[in-house]
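Notes to accompany the following structure.
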Amino acid sequence: MENNGIRIVTLNRKNIKKYPPTCFLASDNEGYLKKLEWIRRNFSKGLTIKLIYPEVGSECIGFIEYIPGENAWRAVSAKGYMFIHCIWVYKTKNKQHGYGSLLVKECIEDAAKQDKLGVAVITSDGPFMANKNLFKKNGFKSVESCNPFFNLMIFQLKKGPKPQINCCPDKVAKCQGLNIFYTHQCPWVARSIQGIVEIANEHKLKPQVTEITTARHAQKTPSVYATFGLVNNGRLLADHYISHHRFRNIIEKELKKNL
């Protein structure tokens, strides 16, 4: 598709090498390579990724990733909806030009063509996830929220049951010791796991590390974001991607509590 010189490319098995969905990581990065495997496995589940390119130059400046709600990799029940995993416009100079809205509208149009009830997304007032303001100005409404700062928002196309957040506090309470769960849906998480485990080992800790390998499992995780979670002795310490520096600070703070 072209819109005033802007090109939007829909990924498929044939063009994925020509238009690598790097999530702004180098294509030889371990996290990116894991993500690439994940993408290829999920094309058959209805996964759609659209990349946006400017009129001048060949560098990707943004993308949106979505999938039918039944196959969403978030702790939600969203049957009948198209579910947005991620949307990202890269570099400050490319923001505030309507590119994000253009990608959201692409998703809405696809949902309508596939006779979906609407489009759903988890937004965050915190870091690393899309802010709700982009979706509010495109007609989305909040239907549910979850601590500490998550919102489930929908664009309704026709009447039907609304999606829900699958909160699982009992699962958190049952996690004793240090537990880390993650998926390869996010390459930034995938690239950081080994370093996080090494930092834990430096502190004489042996975390229980669980890779979530199916959407059904992701939908039942203790964290709404589902792509990453850090639990220690029944307490959820982090529910989204964190840097190695942030992880080290969290671990050292936890160890001080036990002195």
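Chain labels A, B, ... are given in the sequence in which chains occur in the structure tokens; within each chain residues are numbered consecutively from 1, and ligands are likewise numbered from 1 in the order shown.
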
Could you go through region 44-105 of chain A and tell me which residues DSSP, when run on the backbone, assigns to strand (DSSP E or B), listing them as a PDB file with N, CA and C atoms, in the first residue's frame?
ATOM      1  N   THR A  48      -0.019 -10.977  11.674  1.00  0.00           N
ATOM      2  CA  THR A  48       0.214  -9.961  10.647  1.00  0.00           C
ATOM      3  C   THR A  48       1.199  -8.931  11.192  1.00  0.00           C
ATOM      4  N   ILE A  49       2.213  -8.625  10.394  1.00  0.00           N
ATOM      5  CA  ILE A  49       3.148  -7.550  10.719  1.00  0.00           C
ATOM      6  C   ILE A  49       3.220  -6.628   9.515  1.00  0.00           C
ATOM      7  N   LYS A  50       3.017  -5.340   9.762  1.00  0.00           N
ATOM      8  CA  LYS A  50       3.103  -4.350   8.693  1.00  0.00           C
ATOM      9  C   LYS A  50       4.190  -3.345   9.048  1.00  0.00           C
ATOM     10  N   LEU A  51       5.065  -3.087   8.082  1.00  0.00           N
ATOM     11  CA  LEU A  51       6.177  -2.163   8.242  1.00  0.00           C
ATOM     12  C   LEU A  51       5.882  -0.888   7.458  1.00  0.00           C
ATOM     13  N   ILE A  52       6.308   0.233   7.997  1.00  0.00           N
ATOM     14  CA  ILE A  52       6.070   1.503   7.331  1.00  0.00           C
ATOM     15  C   ILE A  52       7.399   2.120   6.922  1.00  0.00           C
ATOM     16  N   TYR A  53       7.451   2.574   5.664  1.00  0.00           N
ATOM     17  CA  TYR A  53       8.654   3.170   5.103  1.00  0.00           C
ATOM     18  C   TYR A  53       8.344   4.584   4.617  1.00  0.00           C
ATOM     19  N   GLY A  62       8.741   2.210  11.361  1.00  0.00           N
ATOM     20  CA  GLY A  62       7.707   1.798  12.301  1.00  0.00           C
ATOM     21  C   GLY A  62       7.056   0.501  11.875  1.00  0.00           C
ATOM     22  N   PHE A  63       6.292  -0.074  12.805  1.00  0.00           N
ATOM     23  CA  PHE A  63       5.600  -1.320  12.483  1.00  0.00           C
ATOM     24  C   PHE A  63       4.425  -1.529  13.431  1.00  0.00           C
ATOM     25  N   ILE A  64       3.541  -2.419  13.021  1.00  0.00           N
ATOM     26  CA  ILE A  64       2.462  -2.884  13.890  1.00  0.00           C
ATOM     27  C   ILE A  64       2.391  -4.399  13.760  1.00  0.00           C
ATOM     28  N   GLU A  65       2.122  -5.070  14.874  1.00  0.00           N
ATOM     29  CA  GLU A  65       1.993  -6.530  14.882  1.00  0.00           C
ATOM     30  C   GLU A  65       0.669  -6.891  15.530  1.00  0.00           C
ATOM     31  N   TYR A  66      -0.129  -7.713  14.841  1.00  0.00           N
ATOM     32  CA  TYR A  66      -1.410  -8.122  15.415  1.00  0.00           C
ATOM     33  C   TYR A  66      -1.766  -9.530  14.980  1.00  0.00           C
ATOM     34  N   ILE A  67      -2.753 -10.107  15.679  1.00  0.00           N
ATOM     35  CA  ILE A  67      -3.087 -11.517  15.498  1.00  0.00           C
ATOM     36  C   ILE A  67      -4.529 -11.723  15.987  1.00  0.00           C
ATOM     37  N   PRO A  68      -5.260 -12.707  15.468  1.00  0.00           N
ATOM     38  CA  PRO A  68      -6.592 -12.983  16.026  1.00  0.00           C
ATOM     39  C   PRO A  68      -6.511 -13.227  17.529  1.00  0.00           C
ATOM     40  N   VAL A  76      -4.969 -12.333  28.128  1.00  0.00           N
ATOM     41  CA  VAL A  76      -6.307 -11.832  27.819  1.00  0.00           C
ATOM     42  C   VAL A  76      -7.151 -12.946  27.217  1.00  0.00           C
ATOM     43  N   SER A  77      -8.464 -12.749  27.286  1.00  0.00           N
ATOM     44  CA  SER A  77      -9.415 -13.559  26.515  1.00  0.00           C
ATOM     45  C   SER A  77     -10.042 -12.604  25.510  1.00  0.00           C
ATOM     46  N   TYR A  81     -11.878 -10.960  18.326  1.00  0.00           N
ATOM     47  CA  TYR A  81     -11.245  -9.661  18.098  1.00  0.00           C
ATOM     48  C   TYR A  81      -9.900  -9.848  17.399  1.00  0.00           C
ATOM     49  N   MET A  82      -9.462  -8.804  16.719  1.00  0.00           N
ATOM     50  CA  MET A  82      -8.076  -8.738  16.292  1.00  0.00           C
ATOM     51  C   MET A  82      -7.319  -8.117  17.464  1.00  0.00           C
ATOM     52  N   PHE A  83      -6.164  -8.685  17.785  1.00  0.00           N
ATOM     53  CA  PHE A  83      -5.445  -8.199  18.962  1.00  0.00           C
ATOM     54  C   PHE A  83      -4.073  -7.655  18.561  1.00  0.00           C
ATOM     55  N   ILE A  84      -3.807  -6.406  18.947  1.00  0.00           N
ATOM     56  CA  ILE A  84      -2.530  -5.762  18.650  1.00  0.00           C
ATOM     57  C   ILE A  84      -1.511  -6.105  19.732  1.00  0.00           C
ATOM     58  N   HIS A  85      -0.417  -6.741  19.323  1.00  0.00           N
ATOM     59  CA  HIS A  85       0.682  -7.002  20.251  1.00  0.00           C
ATOM     60  C   HIS A  85       1.525  -5.752  20.464  1.00  0.00           C
ATOM     61  N   CYS A  86       1.979  -5.175  19.363  1.00  0.00           N
ATOM     62  CA  CYS A  86       2.958  -4.083  19.426  1.00  0.00           C
ATOM     63  C   CYS A  86       2.702  -3.075  18.318  1.00  0.00           C
ATOM     64  N   ILE A  87       3.049  -1.827  18.619  1.00  0.00           N
ATOM     65  CA  ILE A  87       3.111  -0.790  17.593  1.00  0.00           C
ATOM     66  C   ILE A  87       4.243   0.137  17.986  1.00  0.00           C
ATOM     67  N   TRP A  88       5.058   0.504  17.006  1.00  0.00           N
ATOM     68  CA  TRP A  88       6.253   1.274  17.333  1.00  0.00           C
ATOM     69  C   TRP A  88       6.629   2.155  16.151  1.00  0.00           C
ATOM     70  N   VAL A  89       6.796   3.442  16.393  1.00  0.00           N
ATOM     71  CA  VAL A  89       7.371   4.367  15.413  1.00  0.00           C
ATOM     72  C   VAL A  89       8.715   4.795  15.980  1.00  0.00           C
TER      73      VAL A  89
END

Hey, could you make a per-residue contact list for region 53-87 of chain A against region 214-236 of chain A with 8 Å as the cut-off, showing the nearest pair of atoms and its distance in Å to one decimal, counting only C-alpha atoms, sorted by chain and number, as a Markdown table?
| residue | atom | partner | partner_atom | distance |
| --- | --- | --- | --- | --- |
| A:Asn71 | CA | A:Ala215 | CA | 5.4 |
| A:Ala72 | CA | A:Ala215 | CA | 5.9 |
| A:Trp73 | CA | A:Ala215 | CA | 4.8 |
| A:Arg74 | CA | A:Ala226 | CA | 5.1 |
| A:Ala75 | CA | A:Gln219 | CA | 3.7 |
| A:Val76 | CA | A:Gln219 | CA | 5.4 |
| A:Ser77 | CA | A:Gln219 | CA | 7.2 |

Which residues, written as a PDB file with N, CA and C atoms, in the first residue's frame, have at least one atom at most 12 Å from Lys137 (chain A), with only C-alpha atoms counted and residues fewer than 5 positions away on the same chain left out?
ATOM      1  N   GLY A  98       1.509  11.143  12.341  1.00  0.00           N
ATOM      2  CA  GLY A  98       0.340  10.340  12.032  1.00  0.00           C
ATOM      3  C   GLY A  98       0.641   8.926  11.584  1.00  0.00           C
ATOM      4  N   GLY A 100       1.629   6.336  13.405  1.00  0.00           N
ATOM      5  CA  GLY A 100       1.023   5.376  14.317  1.00  0.00           C
ATOM      6  C   GLY A 100      -0.456   5.186  14.015  1.00  0.00           C
ATOM      7  N   SER A 101      -1.159   6.282  13.796  1.00  0.00           N
ATOM      8  CA  SER A 101      -2.587   6.209  13.477  1.00  0.00           C
ATOM      9  C   SER A 101      -2.816   5.485  12.159  1.00  0.00           C
ATOM     10  N   LEU A 102      -1.928   5.693  11.203  1.00  0.00           N
ATOM     11  CA  LEU A 102      -2.047   5.028   9.905  1.00  0.00           C
ATOM     12  C   LEU A 102      -1.954   3.517  10.078  1.00  0.00           C
ATOM     13  N   VAL A 104      -2.608   1.810  12.894  1.00  0.00           N
ATOM     14  CA  VAL A 104      -3.788   1.365  13.634  1.00  0.00           C
ATOM     15  C   VAL A 104      -4.977   1.202  12.686  1.00  0.00           C
ATOM     16  N   LYS A 105      -5.139   2.140  11.777  1.00  0.00           N
ATOM     17  CA  LYS A 105      -6.251   2.074  10.825  1.00  0.00           C
ATOM     18  C   LYS A 105      -6.106   0.878   9.891  1.00  0.00           C
ATOM     19  N   ASN A 131       1.222   3.817  24.594  1.00  0.00           N
ATOM     20  CA  ASN A 131       0.390   4.628  25.472  1.00  0.00           C
ATOM     21  C   ASN A 131      -1.048   4.654  24.953  1.00  0.00           C
ATOM     22  N   LYS A 132      -1.992   4.781  25.870  1.00  0.00           N
ATOM     23  CA  LYS A 132      -3.405   4.735  25.482  1.00  0.00           C
ATOM     24  C   LYS A 132      -3.839   5.914  24.620  1.00  0.00           C
ATOM     25  N   MET A 153      -8.081  -1.938  25.890  1.00  0.00           N
ATOM     26  CA  MET A 153      -8.877  -1.011  25.100  1.00  0.00           C
ATOM     27  C   MET A 153      -9.398  -1.718  23.853  1.00  0.00           C
ATOM     28  N   PHE A 155     -11.657  -1.203  19.960  1.00  0.00           N
ATOM     29  CA  PHE A 155     -12.389  -0.494  18.916  1.00  0.00           C
ATOM     30  C   PHE A 155     -13.490  -1.450  18.480  1.00  0.00           C
TER      31      PHE A 155
END

Item to complete: Looking only at alpha helix (DSSP H) from DSSP on the backbone, list the matching residues of region 67-109 of chain A as a PyMOL selection string.
Response: chain A and resi 99-109

Just N, CA and C atoms for this one: save the residues we selected as a compact mmCIF listing (two decimals), in the first residue's frame.
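out-v8.txt written:
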# COMPACT_ATOMS: atom_id res chain seq x y z
N TYR A 99 1.91 8.51 11.65
CA TYR A 99 2.26 7.17 11.20
C TYR A 99 1.64 6.09 12.09
N GLY A 100 1.63 6.34 13.40
CA GLY A 100 1.02 5.38 14.32
C GLY A 100 -0.46 5.19 14.02
N SER A 101 -1.16 6.28 13.80
CA SER A 101 -2.59 6.21 13.48
C SER A 101 -2.82 5.48 12.16
N LEU A 102 -1.93 5.69 11.20
CA LEU A 102 -2.05 5.03 9.91
C LEU A 102 -1.95 3.52 10.08
N LEU A 103 -1.05 3.07 10.93
CA LEU A 103 -0.89 1.63 11.17
C LEU A 103 -2.09 1.06 11.92
N VAL A 104 -2.61 1.81 12.89
CA VAL A 104 -3.79 1.37 13.63
C VAL A 104 -4.98 1.20 12.69
N LYS A 105 -5.14 2.14 11.78
CA LYS A 105 -6.25 2.07 10.83
C LYS A 105 -6.11 0.88 9.89
N GLU A 106 -4.87 0.52 9.55
CA GLU A 106 -4.64 -0.68 8.74
C GLU A 106 -5.18 -1.92 9.46
N CYS A 107 -4.92 -1.98 10.77
CA CYS A 107 -5.40 -3.11 11.57
C CYS A 107 -6.92 -3.14 11.64
N ILE A 108 -7.52 -1.98 11.84
CA ILE A 108 -8.98 -1.90 11.91
C ILE A 108 -9.61 -2.36 10.60
N GLU A 109 -9.02 -1.94 9.49
CA GLU A 109 -9.54 -2.34 8.18
C GLU A 109 -9.44 -3.86 7.98

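Between CA of Asn249 (chain A) and CA of Cys186 (chain A) there is a distance of 22.3 Å.
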
Here is a test: counting only C-alpha atoms, which residue of A:Ile8, A:Ala173, A:Ile242, A:Val119 is nearest to Ile193 (chain A)?
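Once distances to Ile193 (chain A) are computed over only C-alpha atoms, the minimum belongs to A:Ile242.
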
Of A:Lys91, A:Arg246, A:Arg41, A:Arg7, the one nearest to Phe24 (chain A) when counting only C-alpha atoms is A:Lys91

Expressed in Å, the length from CA of Val209 (chain A) to CA of Lys253 (chain A) is 20.1 Å

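Between Asn94 (chain A) and the candidates A:Gly160, A:Pro54, A:Pro207, A:Pro21, the tightest atom-to-atom separation, counting only C-alpha atoms, involves A:Pro54.
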
Exercise. Work out how far CA of Gly80 (chain A) is from CA of Lys113 (chain A), in Å to one decimal.
Key: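 It comes out at 12.8 Å.
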
Using only C-alpha atoms, determine which residues lie at most 10 Å from Lys206 (chain A), disregarding the query and same-chain residues fewer than 2 positions distant; provide the list as a ChimeraX atom specification.
-> /A:177-179,197-198,200-204,208-209

Write out the residues from the selection above, keeping C-alpha atoms, as a PDB file, in the first residue's frame.
ATOM      1  CA  GLY A 177      11.969 -18.625  44.967  1.00  0.00           C
ATOM      2  CA  LEU A 178      13.080 -16.536  42.008  1.00  0.00           C
ATOM      3  CA  ASN A 179      11.046 -17.202  38.860  1.00  0.00           C
ATOM      4  CA  VAL A 197      20.338 -15.338  34.403  1.00  0.00           C
ATOM      5  CA  GLU A 198      24.071 -14.606  34.608  1.00  0.00           C
ATOM      6  CA  ALA A 200      21.250 -13.870  39.148  1.00  0.00           C
ATOM      7  CA  ASN A 201      24.011 -16.472  39.286  1.00  0.00           C
ATOM      8  CA  GLU A 202      26.534 -13.800  40.283  1.00  0.00           C
ATOM      9  CA  HIS A 203      24.373 -13.254  43.371  1.00  0.00           C
ATOM     10  CA  LYS A 204      24.304 -16.993  44.155  1.00  0.00           C
ATOM     11  CA  GLN A 208      13.528 -21.031  37.710  1.00  0.00           C
ATOM     12  CA  VAL A 209      13.425 -19.899  34.077  1.00  0.00           C
TER      13      VAL A 209
END

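Nearest residue to Asn147 (chain A) among A:Cys167, A:Ile16, A:Ile251, A:Ala120 is A:Cys167, counting only C-alpha atoms.
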
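When only C-alpha atoms are used to measure the gap to Glu70 (chain A), the shortest distance among A:His97, A:Leu47, A:Ile180, A:Glu30 belongs to A:Leu47.
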